[in-house]
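Shown here: protein_4.cif, mmCIF, C-alpha atoms.
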```cif
data_data
loop_
_atom_site.group_PDB
_atom_site.id
_atom_site.type_symbol
_atom_site.label_atom_id
_atom_site.label_comp_id
_atom_site.auth_asym_id
_atom_site.auth_seq_id
_atom_site.Cartn_x
_atom_site.Cartn_y
_atom_site.Cartn_z
ATOM 1 C CA MET A 1 73.908 106.900 97.161
ATOM 2 C CA LEU A 2 73.779 103.156 97.690
ATOM 3 C CA ALA A 3 75.981 100.668 95.902
ATOM 4 C CA ASN A 4 74.469 97.215 96.087
ATOM 5 C CA VAL A 5 75.630 95.798 92.765
ATOM 6 C CA PHE A 6 77.618 92.785 93.864
ATOM 7 C CA ALA A 7 77.171 89.619 91.850
ATOM 8 C CA PRO A 8 77.974 86.180 93.276
ATOM 9 C CA ALA A 9 81.709 85.848 93.769
ATOM 10 C CA GLN A 10 83.784 83.446 91.731
ATOM 11 C CA ARG A 11 86.274 81.164 93.468
ATOM 12 C CA SER A 12 89.402 83.290 93.831
ATOM 13 C CA ASP A 13 91.496 84.981 96.477
ATOM 14 C CA TYR A 14 89.290 88.082 96.477
ATOM 15 C CA TYR A 15 86.132 89.571 94.992
ATOM 16 C CA GLU A 16 86.438 92.569 92.665
ATOM 17 C CA THR A 17 83.959 94.939 91.061
ATOM 18 C CA SER A 18 84.091 98.492 89.719
ATOM 19 C CA LEU A 19 81.746 101.378 90.442
ATOM 20 C CA PHE A 20 81.555 104.536 88.337
ATOM 21 C CA LEU A 21 80.444 107.576 90.317
ATOM 22 C CA THR A 22 79.404 110.827 88.703
ATOM 23 C CA THR A 23 77.191 113.850 89.303
ATOM 24 C CA SER A 24 74.844 115.928 87.201
ATOM 25 C CA SER A 25 75.271 119.013 89.369
ATOM 26 C CA VAL A 26 78.209 120.900 90.845
ATOM 27 C CA ALA A 27 81.391 119.204 92.044
ATOM 28 C CA THR A 28 80.548 116.771 94.848
ATOM 29 C CA ASP A 29 82.751 115.323 97.586
ATOM 30 C CA VAL A 30 81.866 111.658 98.154
ATOM 31 C CA TYR A 31 82.148 109.971 101.551
ATOM 32 C CA LEU A 32 81.616 106.423 102.756
ATOM 33 C CA ALA A 33 78.533 106.436 105.000
ATOM 34 C CA ASP A 34 78.340 102.726 105.892
ATOM 35 C CA ILE A 35 79.208 99.185 104.947
ATOM 36 C CA ASN A 36 76.254 96.967 105.814
ATOM 37 C CA TYR A 37 76.665 93.202 105.903
ATOM 38 C CA ASP A 38 74.965 90.053 107.144
ATOM 39 C CA ASP A 39 76.986 87.034 108.227
ATOM 40 C CA LEU A 40 75.617 83.729 106.973
ATOM 41 C CA ASP A 41 76.577 81.981 110.237
ATOM 42 C CA VAL A 42 76.318 84.209 113.333
ATOM 43 C CA GLU A 43 78.097 81.568 115.460
ATOM 44 C CA ASN A 44 81.077 81.711 113.070
ATOM 45 C CA PRO A 45 81.031 85.295 111.730
ATOM 46 C CA ILE A 46 83.354 85.892 108.810
ATOM 47 C CA SER A 47 82.907 89.692 108.951
ATOM 48 C CA PRO A 48 85.636 90.336 111.591
ATOM 49 C CA ALA A 49 88.289 88.925 109.230
ATOM 50 C CA LEU A 50 87.097 90.577 105.987
ATOM 51 C CA ARG A 51 88.559 93.695 104.412
ATOM 52 C CA VAL A 52 87.085 96.041 101.796
ATOM 53 C CA ASP A 53 89.468 98.060 99.646
ATOM 54 C CA PHE A 54 88.456 101.104 97.593
ATOM 55 C CA ALA A 55 90.936 101.968 94.819
ATOM 56 C CA VAL A 56 89.915 105.401 93.516
ATOM 57 C CA HIS A 57 91.035 106.359 90.009
ATOM 58 C CA ALA A 58 91.630 109.872 88.673
ATOM 59 C CA PRO A 59 88.468 111.193 86.937
ATOM 60 C CA GLY A 60 87.928 109.920 83.404
ATOM 61 C CA GLN A 61 88.108 106.613 81.586
ATOM 62 C CA GLY A 62 91.212 104.428 81.945
ATOM 63 C CA GLN A 63 92.913 106.634 84.543
ATOM 64 C CA PRO A 64 95.430 105.454 87.184
ATOM 65 C CA VAL A 65 94.598 104.790 90.841
ATOM 66 C CA VAL A 66 95.304 107.904 92.911
ATOM 67 C CA LEU A 67 93.869 106.976 96.334
ATOM 68 C CA GLN A 68 93.332 103.726 98.182
ATOM 69 C CA TYR A 69 91.400 102.987 101.376
ATOM 70 C CA ILE A 70 91.209 99.653 103.229
ATOM 71 C CA PHE A 71 88.383 99.163 105.738
ATOM 72 C CA GLU A 72 87.615 96.400 108.186
ATOM 73 C CA LEU A 73 83.907 95.538 108.317
ATOM 74 C CA THR A 74 83.697 95.420 112.086
ATOM 75 C CA GLN A 75 85.866 95.854 115.144
ATOM 76 C CA ALA A 76 84.082 92.897 116.759
ATOM 77 C CA HIS A 77 86.016 89.666 117.149
ATOM 78 C CA ASN A 78 85.439 86.111 115.990
ATOM 79 C CA PRO A 79 84.184 84.385 119.177
ATOM 80 C CA GLN A 80 86.186 81.272 118.264
ATOM 81 C CA GLY A 81 89.241 83.086 116.913
ATOM 82 C CA ARG A 82 92.753 83.195 118.284
ATOM 83 C CA TYR A 83 95.843 84.761 116.758
ATOM 84 C CA ASN A 84 97.150 82.439 114.058
ATOM 85 C CA THR A 85 100.281 83.979 112.538
ATOM 86 C CA PHE A 86 103.552 82.224 113.307
ATOM 87 C CA ASN A 87 105.645 85.350 113.691
ATOM 88 C CA GLY A 88 104.399 88.846 114.334
ATOM 89 C CA SER A 89 101.727 90.386 116.514
ATOM 90 C CA ALA A 90 97.982 90.905 116.349
ATOM 91 C CA GLY A 91 97.259 93.485 113.625
ATOM 92 C CA ASP A 92 100.257 92.502 111.476
ATOM 93 C CA VAL A 93 99.891 91.524 107.814
ATOM 94 C CA LEU A 94 102.332 89.904 105.415
ATOM 95 C CA ASP A 95 104.927 92.245 103.940
ATOM 96 C CA SER A 96 104.125 92.109 100.210
ATOM 97 C CA SER A 97 107.605 93.343 99.301
ATOM 98 C CA ARG A 98 109.250 90.222 100.788
ATOM 99 C CA LEU A 99 108.898 86.488 100.247
ATOM 100 C CA ASP A 100 110.158 85.245 103.626
ATOM 101 C CA GLY A 101 106.867 85.520 105.565
ATOM 102 C CA SER A 102 107.825 88.814 107.235
ATOM 103 C CA THR A 103 104.987 90.842 108.674
ATOM 104 C CA VAL A 104 104.377 94.569 109.104
ATOM 105 C CA THR A 105 101.908 96.418 111.294
ATOM 106 C CA PHE A 106 98.800 97.631 109.461
ATOM 107 C CA THR A 107 95.728 99.313 110.905
ATOM 108 C CA PRO A 108 92.719 99.342 108.554
ATOM 109 C CA LEU A 109 90.157 102.118 108.551
ATOM 110 C CA ASN A 110 86.850 101.396 110.297
ATOM 111 C CA SER A 111 83.400 102.825 111.006
ATOM 112 C CA SER A 112 84.929 105.804 112.842
ATOM 113 C CA ASN A 113 86.019 107.016 109.377
ATOM 114 C CA TYR A 114 82.461 106.991 107.963
ATOM 115 C CA CYS A 115 80.401 110.131 107.639
ATOM 116 C CA GLN A 116 76.954 110.187 109.235
ATOM 117 C CA TYR A 117 74.035 110.503 106.867
ATOM 118 C CA ASN A 118 70.437 110.889 108.037
ATOM 119 C CA ASP A 119 68.144 109.489 105.312
ATOM 120 C CA ASP A 120 65.025 111.062 106.823
ATOM 121 C CA ARG A 121 66.381 114.616 106.897
ATOM 122 C CA GLY A 122 68.933 114.327 104.080
ATOM 123 C CA GLU A 123 71.625 115.673 106.408
ATOM 124 C CA LEU A 124 75.295 114.829 106.140
ATOM 125 C CA THR A 125 77.532 115.170 109.203
ATOM 126 C CA LEU A 126 81.254 114.966 108.664
ATOM 127 C CA LEU A 127 83.219 113.517 111.546
ATOM 128 C CA PRO A 128 86.886 112.782 111.051
ATOM 129 C CA SER A 129 85.556 111.182 107.865
ATOM 130 C CA LEU A 130 87.742 111.150 104.821
ATOM 131 C CA THR A 131 86.818 112.403 101.394
ATOM 132 C CA MET A 132 86.922 109.335 99.164
ATOM 133 C CA LEU A 133 86.756 111.303 95.935
ATOM 134 C CA ARG A 134 85.554 114.460 94.242
ATOM 135 C CA SER A 135 83.086 113.955 91.427
ATOM 136 C CA LEU A 136 83.465 116.582 88.714
ATOM 137 C CA PRO A 137 80.440 118.461 87.324
ATOM 138 C CA ALA A 138 79.218 118.250 83.754
ATOM 139 C CA ALA A 139 81.585 120.003 81.337
ATOM 140 C CA SER A 140 78.760 121.908 79.634
ATOM 141 C CA ALA A 141 75.139 122.797 80.244
ATOM 142 C CA ASN A 142 74.132 120.293 77.523
ATOM 143 C CA ALA A 143 75.869 117.317 79.207
ATOM 144 C CA ASP A 144 73.680 115.104 81.413
ATOM 145 C CA HIS A 145 76.474 114.060 83.799
ATOM 146 C CA GLY A 146 79.993 114.900 84.859
ATOM 147 C CA THR A 147 83.235 113.025 84.368
ATOM 148 C CA PRO A 148 82.888 109.583 85.952
ATOM 149 C CA VAL A 149 85.293 108.465 88.678
ATOM 150 C CA GLN A 150 86.078 104.748 88.700
ATOM 151 C CA VAL A 151 86.254 103.100 92.116
ATOM 152 C CA ASP A 152 87.480 99.499 92.158
ATOM 153 C CA VAL A 153 86.145 97.566 95.147
ATOM 154 C CA TYR A 154 87.980 94.510 96.473
ATOM 155 C CA VAL A 155 86.717 92.228 99.257
ATOM 156 C CA TRP A 156 88.913 89.531 100.802
ATOM 157 C CA LEU A 157 89.466 87.402 103.869
ATOM 158 C CA GLU A 158 92.537 88.804 105.629
ATOM 159 C CA GLY A 159 94.516 85.662 106.423
ATOM 160 C CA CYS A 160 96.817 87.479 108.880
ATOM 161 C CA ASP A 161 93.916 88.807 110.943
ATOM 162 C CA GLU A 162 93.713 87.237 114.400
ATOM 163 C CA ASP A 163 90.003 86.582 113.704
ATOM 164 C CA CYS A 164 90.759 84.489 110.598
ATOM 165 C CA THR A 165 90.698 80.952 111.963
ATOM 166 C CA ASN A 166 89.603 77.518 110.743
ATOM 167 C CA ASN A 167 86.016 77.917 111.967
ATOM 168 C CA LEU A 168 85.472 80.349 109.062
ATOM 169 C CA ALA A 169 86.455 77.842 106.363
ATOM 170 C CA ASN A 170 82.876 76.932 105.425
ATOM 171 C CA THR A 171 81.053 80.196 106.035
ATOM 172 C CA ASN A 172 80.268 83.259 103.974
ATOM 173 C CA LEU A 173 78.631 86.662 104.009
ATOM 174 C CA GLU A 174 74.968 86.646 103.111
ATOM 175 C CA SER A 175 75.038 90.242 101.892
ATOM 176 C CA LEU A 176 77.232 93.318 101.613
ATOM 177 C CA ALA A 177 76.031 96.844 100.771
ATOM 178 C CA LEU A 178 78.056 100.028 100.439
ATOM 179 C CA HIS A 179 76.477 103.371 101.306
ATOM 180 C CA PHE A 180 77.925 106.638 100.042
ATOM 181 C CA ALA A 181 76.913 110.222 100.736
ATOM 182 C CA GLY A 182 77.835 113.341 98.825
ATOM 183 C CA LYS A 183 78.243 116.990 99.692
ATOM 184 C CA GLN A 184 78.276 119.631 96.988
ATOM 185 C CA GLY A 185 81.223 121.908 97.203
#
```
Take the structure in the file and write it out as structure tokens.
Amino acid sequence: MLANVFAPAQRSDYYETSLFLTTSSVATDVYLADINYDDLDVENPISPALRVDFAVHAPGQGQPVVLQYIFELTQAHNPQGRYNTFNGSAGDVLDSSRLDGSTVTFTPLNSSNYCQYNDDRGELTLLPSLTMLRSLPAASANADHGTPVQVDVYVWLEGCDEDCTNNLANTNLESLALHFAGKQG
């Protein structure tokens, strides 16, 4: 499964879209297989400072978020970056429960949490990959698909990341594509 449905982002603090994943067969566990991206400016790559959040809802329409995963796009570093937070250490982010600029340590997920999917052979290899969600099968033989699972996707520039420096102010990603793989179970 490939999700490449991103429209141009509006000016805001983050980009948001929703995906609805479903199956027409038996229950399927869904894994993240890859996040592909192209930096617009390879001399000033924005990808090391970006985060992608997946907020997974309970199956069905209008359900609450039950799981959340935050990934960094790459473990590479901004070649012109240096740590830019006044107090705290590399890897810290602002503590959202406080207003005084306090930071807390946060380690995002990365490519080591992806599954491996071979397109040519249709083979899925699970590493220490995490199950993002379970898609439910169709309720009856007459239904053409199962209960959809809403996944809200957020993309933002992590201002506390040591790779988020002024050289990224006028750059962008050229493209971003999410790849999912499923395993019936």
ask   = What's the 9 Å shell around A:Ala33, counting all atoms listed in the file, without same-chain residues fewer than 6 positions away, as a PyMOL selection string?
value = chain A and resi 111+113-117+129+178-181
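Taking all atoms listed in the file into account, the polymer residues that have an atom no farther than 10 Å from (82.6, 99.2, 86.9) are Val5, Glu16, Thr17, Ser18, Leu19, Phe20, Leu21, Val149, Gln150, Val151, Asp152 and Val153 of chain A.
Considering all atoms listed in the file, the residue among A:Ile70, A:Cys160, A:Asp120, A:Thr147 positioned nearest to A:Thr105 is A:Cys160.
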Pick from A:Asp163, A:Asp13, A:Asp29, A:Glu72 nearest to A:Ser135, counting all atoms listed in the file = A:Asp29
request  = Measure the distance from atom CA of A:Val52 to atom CA of A:Trp156 in Å and round it to one decimal.
outcome  = 6.8 Å
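Comparing A:Leu173, A:Gln184, A:Phe54, A:Gly62 by their smallest distance to A:Tyr37, the closest is A:Leu173 (using all atoms listed in the file).
Between atom CA of A:Asn170 and atom CA of A:Asp92 there is a distance of 24.1 Å.
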